[in-house]
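Novice: Contents of structure31.txt (compact mmCIF, C-alpha atoms) are below:
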# COMPACT_ATOMS: atom_id res chain seq x y z
CA MET A 1 0.00 0.00 0.00
CA TYR A 2 1.27 3.45 -0.93
CA CYS A 3 1.14 6.28 1.63
CA PRO A 4 1.88 9.84 0.49
CA GLU A 5 3.27 12.32 2.97
CA LEU A 6 0.92 13.13 5.81
CA GLU A 7 -0.55 16.61 5.99
CA PHE A 8 -2.10 18.26 9.01
CA ILE A 9 -3.96 21.49 9.75
CA MET A 10 -5.52 23.01 12.82
CA ALA A 11 -9.13 22.04 13.43
CA LYS A 12 -11.67 24.54 14.72
CA ALA A 13 -12.08 22.84 18.10
CA ASN A 14 -9.94 24.02 20.98
CA ARG A 15 -6.75 21.90 20.70
CA ASP A 16 -7.82 19.43 18.03
CA LEU A 17 -5.78 18.69 14.95
CA ILE A 18 -6.98 17.20 11.68
CA LEU A 19 -4.52 14.81 10.01
CA ARG A 20 -5.13 13.83 6.39
CA ASP A 21 -3.68 10.98 4.37
CA ARG A 22 -4.43 9.12 1.14
CA LEU A 23 -3.73 5.41 0.73
CA GLN A 24 -3.87 3.21 -2.36
CA PHE A 25 -4.55 -0.52 -2.63
CA ASP A 26 -4.83 -2.96 -5.53
CA VAL A 27 -7.71 -5.33 -6.25
CA ASP A 28 -6.74 -8.53 -8.08
CA ALA A 29 -8.48 -10.25 -11.01
CA ASN A 30 -10.84 -12.10 -8.65
CA GLY A 31 -11.95 -8.91 -6.91
CA ASP A 32 -9.87 -9.68 -3.82
CA THR A 33 -7.32 -7.79 -1.74
CA ALA A 34 -5.36 -9.68 0.87
CA LEU A 35 -5.01 -7.76 4.12
CA VAL A 36 -2.54 -4.90 3.68
CA TYR A 37 -1.68 -1.92 5.85
CA GLY A 38 -0.91 1.72 5.37
CA ARG A 39 0.83 3.65 8.11
CA VAL A 40 -0.10 7.11 9.38
CA ASP A 41 3.10 8.69 10.68
CA MET A 42 2.48 10.15 14.16
CA SER A 43 6.11 11.03 14.93
CA ASP A 44 5.36 14.76 14.91
CA PHE A 45 2.98 14.29 17.84
CA VAL A 46 4.20 11.38 19.96
CA ASN A 47 7.41 11.15 21.97
CA VAL A 48 7.81 8.54 24.70
CA VAL A 49 10.77 10.29 26.30
CA LYS A 50 8.87 13.56 26.60
CA ARG A 51 5.66 11.71 27.56
CA GLU A 52 3.81 13.18 24.61
CA GLY A 53 0.93 11.25 23.08
CA PHE A 54 -2.03 11.82 20.79
CA ALA A 55 -5.69 11.25 21.68
CA VAL A 56 -7.48 9.96 18.56
CA LYS A 57 -11.07 11.20 18.78
CA GLU A 58 -12.36 10.21 15.37
CA VAL A 59 -11.27 8.49 12.15
CA ARG A 60 -13.17 9.09 8.93
CA TYR A 61 -12.83 7.15 5.67
CA GLN A 62 -13.68 8.00 2.07
CA ILE A 63 -13.18 5.34 -0.61
CA ARG A 64 -12.32 6.74 -4.03
CA ASP A 65 -12.10 5.24 -7.51
CA PRO A 66 -9.65 7.38 -9.50
CA SER A 67 -10.50 5.49 -12.71
CA ALA A 68 -14.27 6.06 -12.44
CA SER A 69 -15.92 7.24 -15.63
CA GLY A 70 -16.44 10.95 -15.79
CA VAL A 71 -14.53 13.32 -13.56
CA THR A 72 -15.87 12.62 -10.07
CA GLY A 73 -13.78 9.67 -8.84
CA VAL A 74 -16.86 8.52 -6.90
CA PHE A 75 -16.73 4.93 -5.61
CA ASN A 76 -19.51 2.68 -6.94
CA PRO A 77 -21.17 1.06 -3.88
CA LEU A 78 -22.38 -1.86 -6.05
CA MET A 79 -19.12 -3.77 -5.52
CA ALA A 80 -20.08 -7.25 -6.76
CA LEU A 81 -20.98 -7.95 -10.39
CA ALA A 82 -23.90 -10.17 -11.35
CA ASN A 83 -21.89 -13.41 -11.11
CA GLU A 84 -21.25 -12.82 -7.39
CA SER A 85 -23.82 -12.99 -4.60
CA PHE A 86 -21.75 -11.21 -1.96
CA GLY A 87 -18.90 -8.73 -2.01
CA SER A 88 -17.27 -7.14 1.01
CA LEU A 89 -14.68 -4.50 1.89
CA LYS A 90 -13.28 -3.93 5.37
CA LEU A 91 -11.28 -0.98 6.69
CA PHE A 92 -9.99 -0.50 10.21
CA THR A 93 -7.61 1.64 12.23
CA THR A 94 -5.43 -0.01 14.84
CA THR A 95 -2.12 0.16 16.67
CA THR A 96 -1.67 -3.63 16.41
CA ALA A 97 -0.91 -5.37 13.12
CA TYR A 98 -3.37 -8.27 12.85
CA GLU A 99 -2.45 -11.15 10.58
CA ASN A 100 -6.04 -11.82 9.43
CA ALA A 101 -8.87 -9.36 8.94
CA TYR A 102 -11.42 -11.86 10.24
CA ASP A 103 -9.80 -11.50 13.67
CA VAL A 104 -10.60 -7.78 13.72
CA GLY A 105 -13.81 -6.60 15.33
CA ILE A 106 -15.05 -4.10 17.88
CA ALA A 107 -13.85 -6.35 20.73
CA SER A 108 -10.32 -6.67 19.35
CA PRO A 109 -7.53 -5.04 21.39
CA ASP A 110 -6.09 -1.77 20.07
CA VAL A 111 -8.75 -1.39 17.34
CA ILE A 112 -9.83 2.24 17.07
CA SER A 113 -12.53 2.03 14.40
CA VAL A 114 -13.97 -0.48 11.92
CA PHE A 115 -15.72 0.26 8.61
CA GLU A 116 -17.46 -2.55 6.68
CA LEU A 117 -19.14 -2.34 3.26
CA THR A 118 -21.13 -5.13 1.60
CA THR A 119 -23.05 -5.82 -1.60
CA VAL A 120 -25.61 -8.65 -1.44
CA ARG A 121 -27.28 -9.94 -4.62
CA ASP A 122 -30.25 -12.32 -4.71
CA ASN A 123 -30.64 -14.45 -7.85
CA PRO A 124 -27.52 -12.92 -9.46
CA GLY A 125 -27.90 -12.46 -13.21
CA ALA A 126 -31.60 -13.43 -13.25
CA PRO A 127 -34.35 -11.05 -14.48
CA GLU A 128 -35.77 -10.84 -10.95
CA GLU A 129 -32.38 -10.09 -9.41
CA THR A 130 -32.28 -7.73 -6.45
CA PHE A 131 -29.32 -6.26 -4.63
CA ALA A 132 -28.58 -4.27 -1.50
CA ASN A 133 -25.58 -2.21 -0.48
CA GLN A 134 -24.83 -1.62 3.17
CA TRP A 135 -22.14 0.05 5.21
CA VAL A 136 -21.54 -0.09 8.94
CA LEU A 137 -19.14 2.20 10.78
CA PHE A 138 -18.07 1.44 14.32
CA GLY A 139 -16.39 4.76 14.94
CA THR A 140 -13.98 6.02 17.55
CA PRO A 141 -16.71 7.87 19.50
CA ASP A 142 -18.57 4.53 19.79
CA LEU A 143 -15.60 2.33 20.73
CA HIS A 144 -13.55 4.89 22.70
CA PRO A 145 -15.80 7.81 23.75
CA ASP A 146 -12.99 9.67 25.51
CA GLY A 147 -10.56 9.20 22.62
CA TYR A 148 -7.89 6.56 22.13
CA ASN A 149 -4.44 7.59 23.35
CA VAL A 150 -1.54 6.52 21.13
CA VAL A 151 2.24 6.72 21.43
CA SER A 152 2.90 5.04 18.07
CA ASP A 153 1.94 5.28 14.42
CA LEU A 154 -1.56 4.35 13.30
CA LEU A 155 -2.11 1.39 10.98
CA ILE A 156 -4.94 1.46 8.43
CA GLY A 157 -5.90 -2.07 7.42
CA VAL A 158 -7.87 -2.91 4.28
CA CYS A 159 -9.01 -6.16 2.69
CA ALA A 160 -11.62 -7.10 0.10
CA ASN A 161 -13.42 -10.22 -1.08
CA ASP A 162 -15.27 -10.60 -4.40
CA ILE A 163 -15.57 -6.89 -5.19
CA THR A 164 -15.53 -7.87 -8.86
CA GLN A 165 -16.73 -4.44 -9.97
CA PHE A 166 -13.12 -3.32 -9.34
CA SER A 167 -11.10 -6.31 -10.57
CA ASN A 168 -7.54 -5.37 -11.59
CA GLN A 169 -7.99 -1.80 -10.39
CA THR A 170 -6.31 0.47 -7.88
CA LEU A 171 -8.61 2.12 -5.35
CA GLU A 172 -7.89 4.89 -2.89
CA ILE A 173 -8.84 5.60 0.70
CA ASP A 174 -8.84 9.11 2.05
CA ILE A 175 -8.24 9.14 5.81
CA MET A 176 -9.07 11.93 8.23
CA VAL A 177 -7.85 11.55 11.81
CA ILE A 178 -9.18 14.06 14.34
CA GLY A 179 -7.44 14.25 17.70
CA GLU A 180 -5.52 16.21 20.27
CA PRO A 181 -1.90 16.18 21.46
CA ILE A 182 -1.76 15.18 25.14
CA LYS A 183 0.68 14.84 28.03
CA LEU A 184 0.91 11.34 29.52
CA ASN A 185 1.24 10.28 33.14
CA GLU A 186 3.04 7.16 34.40
CA ALA A 187 -0.07 4.98 34.20
CA ASP A 188 -0.70 6.06 30.61
CA MET A 189 2.87 5.26 29.67
CA THR A 190 2.78 1.76 31.14
CA GLU A 191 -0.43 0.95 29.30
CA MET A 192 0.52 2.39 25.96
CA LEU A 193 4.11 1.30 25.57
CA THR A 194 2.76 -2.07 24.45
CA GLN A 195 1.49 -0.35 21.29
CA ALA A 196 4.98 0.23 19.96
CA GLN A 197 5.90 -3.40 20.68
CA ASP A 198 2.85 -4.65 18.74
CA LEU A 199 3.52 -2.66 15.56
Go through the file and emit its structure as structure tokens.
Specialist:
Amino acid sequence: MYCPELEFIMAKANRDLILRDRLQFDVDANGDTALVYGRVDMSDFVNVVKREGFAVKEVRYQIRDPSASGVTGVFNPLMALANESFGSLKLFTTTTAYENAYDVGIASPDVISVFELTTVRDNPGAPEETFANQWVLFGTPDLHPDGYNVVSDLLIGVCANDITQFSNQTLEIDIMVIGEPIKLNEADMTEMLTQAQDL
């Protein structure tokens, strides 16, 4: 996965910052993407020696299709073509690199947010075919209402299964991380130093 240089600007809230990044991932001929990670560099905000951390308050995702017809780059939510009955795409932010995406859920340690998209087709290819697109976001305010304190980089995981609409294409994910630089006490440090060991 390709990660351009991170940009950040001041948010309107008191001490909040908005960090922006764009990641790219490839979909193979079968409409699949094995679990890959992009890394959001937090080194400008975290320093263990100085006890400086970053409280992640929210992570927002936008999936983009740079090859979409026209000039919009808008992602087509109908991810599975007529020969597939189910297509799925999963995005998540974490400080722990999981080996398999199926191990990642809202109860998984060090998971900050999870975003799941699905296309379900009934009677694919038939005249009476129906389909439904759905997305579910388990966001940072839901999983960590007070923010999630980090002392390491953030990992953005992505994987896909049978999103045949995008076979042999490169898709993009725009990431917005909203949070606040914080000072850490001894208890915070003990708890969070495991993050760096898990990356």
Novice: For Phe138 (chain A), which residue among A:Ala97, A:Ile112, A:Val151, A:Val48 is the nearest when counting all atoms listed in the file?
Specialist: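 Checking each candidate against Phe138 (chain A), we get A:Ile112 as the closest.
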Novice: Check the smallest atom-to-atom distance from each of A:Gly53, A:Gly31, A:Pro109, A:Pro66 to Met79 (chain A) using all atoms listed in the file, then report the winner.
Specialist: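 With all atoms listed in the file as the atom set, the closest residue is A:Gly31.
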Novice: Which of these residues is nearest to Glu58 (chain A), using only C-alpha atoms: A:Leu117, A:Ala132, A:Ala107, A:Leu19?
Specialist: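 Distance minimum relative to Glu58 (chain A) lands on A:Leu19.
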Novice: So, counting all atoms listed in the file, which residue among A:Ala126, A:Val111, A:Leu23, A:Val56 is closest to Tyr37 (chain A)?
Specialist: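 Distance minimum relative to Tyr37 (chain A) lands on A:Leu23.
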Novice: Given the point (-17.2, -7.6, -3.1) in the file's coordinates, find the residues that have an atom at most 9 Å from it, counting all atoms listed in the file, and give them as a short mmCIF file (atom, residue, chain, number, x, y, z; two decimals) with C-alpha atoms, keeping the file's coordinate frame.
Specialist:
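Done, and the output landed in part-v2.cif:
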data_model
loop_
_atom_site.label_atom_id
_atom_site.label_comp_id
_atom_site.auth_asym_id
_atom_site.auth_seq_id
_atom_site.Cartn_x
_atom_site.Cartn_y
_atom_site.Cartn_z
CA GLY A 31 -11.95 -8.91 -6.91
CA ASP A 32 -9.87 -9.68 -3.82
CA LEU A 78 -22.38 -1.86 -6.05
CA MET A 79 -19.12 -3.77 -5.52
CA ALA A 80 -20.08 -7.25 -6.76
CA LEU A 81 -20.98 -7.95 -10.39
CA GLU A 84 -21.25 -12.82 -7.39
CA SER A 85 -23.82 -12.99 -4.60
CA PHE A 86 -21.75 -11.21 -1.96
CA GLY A 87 -18.90 -8.73 -2.01
CA SER A 88 -17.27 -7.14 1.01
CA LEU A 89 -14.68 -4.50 1.89
CA LEU A 117 -19.14 -2.34 3.26
CA THR A 118 -21.13 -5.13 1.60
CA THR A 119 -23.05 -5.82 -1.60
CA VAL A 120 -25.61 -8.65 -1.44
CA ALA A 160 -11.62 -7.10 0.10
CA ASN A 161 -13.42 -10.22 -1.08
CA ASP A 162 -15.27 -10.60 -4.40
CA ILE A 163 -15.57 -6.89 -5.19
CA THR A 164 -15.53 -7.87 -8.86
CA GLN A 165 -16.73 -4.44 -9.97
CA PHE A 166 -13.12 -3.32 -9.34
#
Novice: Every residue with an atom at most 10 Å from (-14.9, -3.5, 12.6) (file coordinates; all atoms listed in the file) is what I'm after, so could you write them as a ChimeraX atom specification?
Specialist: /A:90-93,101-108,111-116,136-139
Novice: Enclose all atoms of region 148-155 of chain A listed in the file in an axis-aligned box, grow every side by 8 Å, and hand back centre and edge lengths in Å to one decimal, as lines of an AutoDock Vina configuration file.
Specialist:
center_x = -2.5
center_y = 4.5
center_z = 17.2
size_x = 26.8
size_y = 22.2
size_z = 28.4
Novice: Measure the distance from CA of Leu35 (chain A) to CA of Thr96 (chain A) in Å and round it to one decimal.
Specialist: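 The value is 13.4 Å.
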Novice: For the atom pair CA of His144 (chain A) and CA of Lys183 (chain A), what is the interatomic distance in Å to one decimal place?
Specialist: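 Distance reported for this atom pair: 18.2 Å.
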Novice: Work out how far CA of Asp65 (chain A) is from CA of Ile175 (chain A), in Å to one decimal.
Specialist: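 One can read the CA of Ile175 (chain A) to CA of Asp65 (chain A) distance as 14.4 Å.
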Novice: Determine the nearest neighbour of Leu154 (chain A) from the options A:Arg60, A:Arg15, A:Arg20, A:Arg39, counting only C-alpha atoms.
Specialist: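 Smallest separation from Leu154 (chain A) among the options: A:Arg39.
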Novice: So, with all atoms listed in the file as the atoms that count, which of A:Glu52, A:Glu180, A:Glu99, A:Asp110 lies closest to Asp146 (chain A)?
Specialist: A:Glu180
Novice: Taking a cut-off of 8 Å and counting only C-alpha atoms, can you build a table that, for each residue of region 113-197 of chain A near region 24-28 of chain A, reports the nearest atom pair and how far apart they are in Å (one decimal), sorted by chain then residue number, as a tab-separated table?
Specialist:
residue	atom	partner	partner_atom	distance
A:Ala160	CA	A:Val27	CA	7.7
A:Phe166	CA	A:Val27	CA	6.5
A:Ser167	CA	A:Asp28	CA	5.5
A:Asn168	CA	A:Asp28	CA	4.8
A:Gln169	CA	A:Val27	CA	5.4
A:Thr170	CA	A:Asp26	CA	4.4
A:Leu171	CA	A:Phe25	CA	5.6
A:Glu172	CA	A:Gln24	CA	4.4
A:Ile173	CA	A:Gln24	CA	6.3
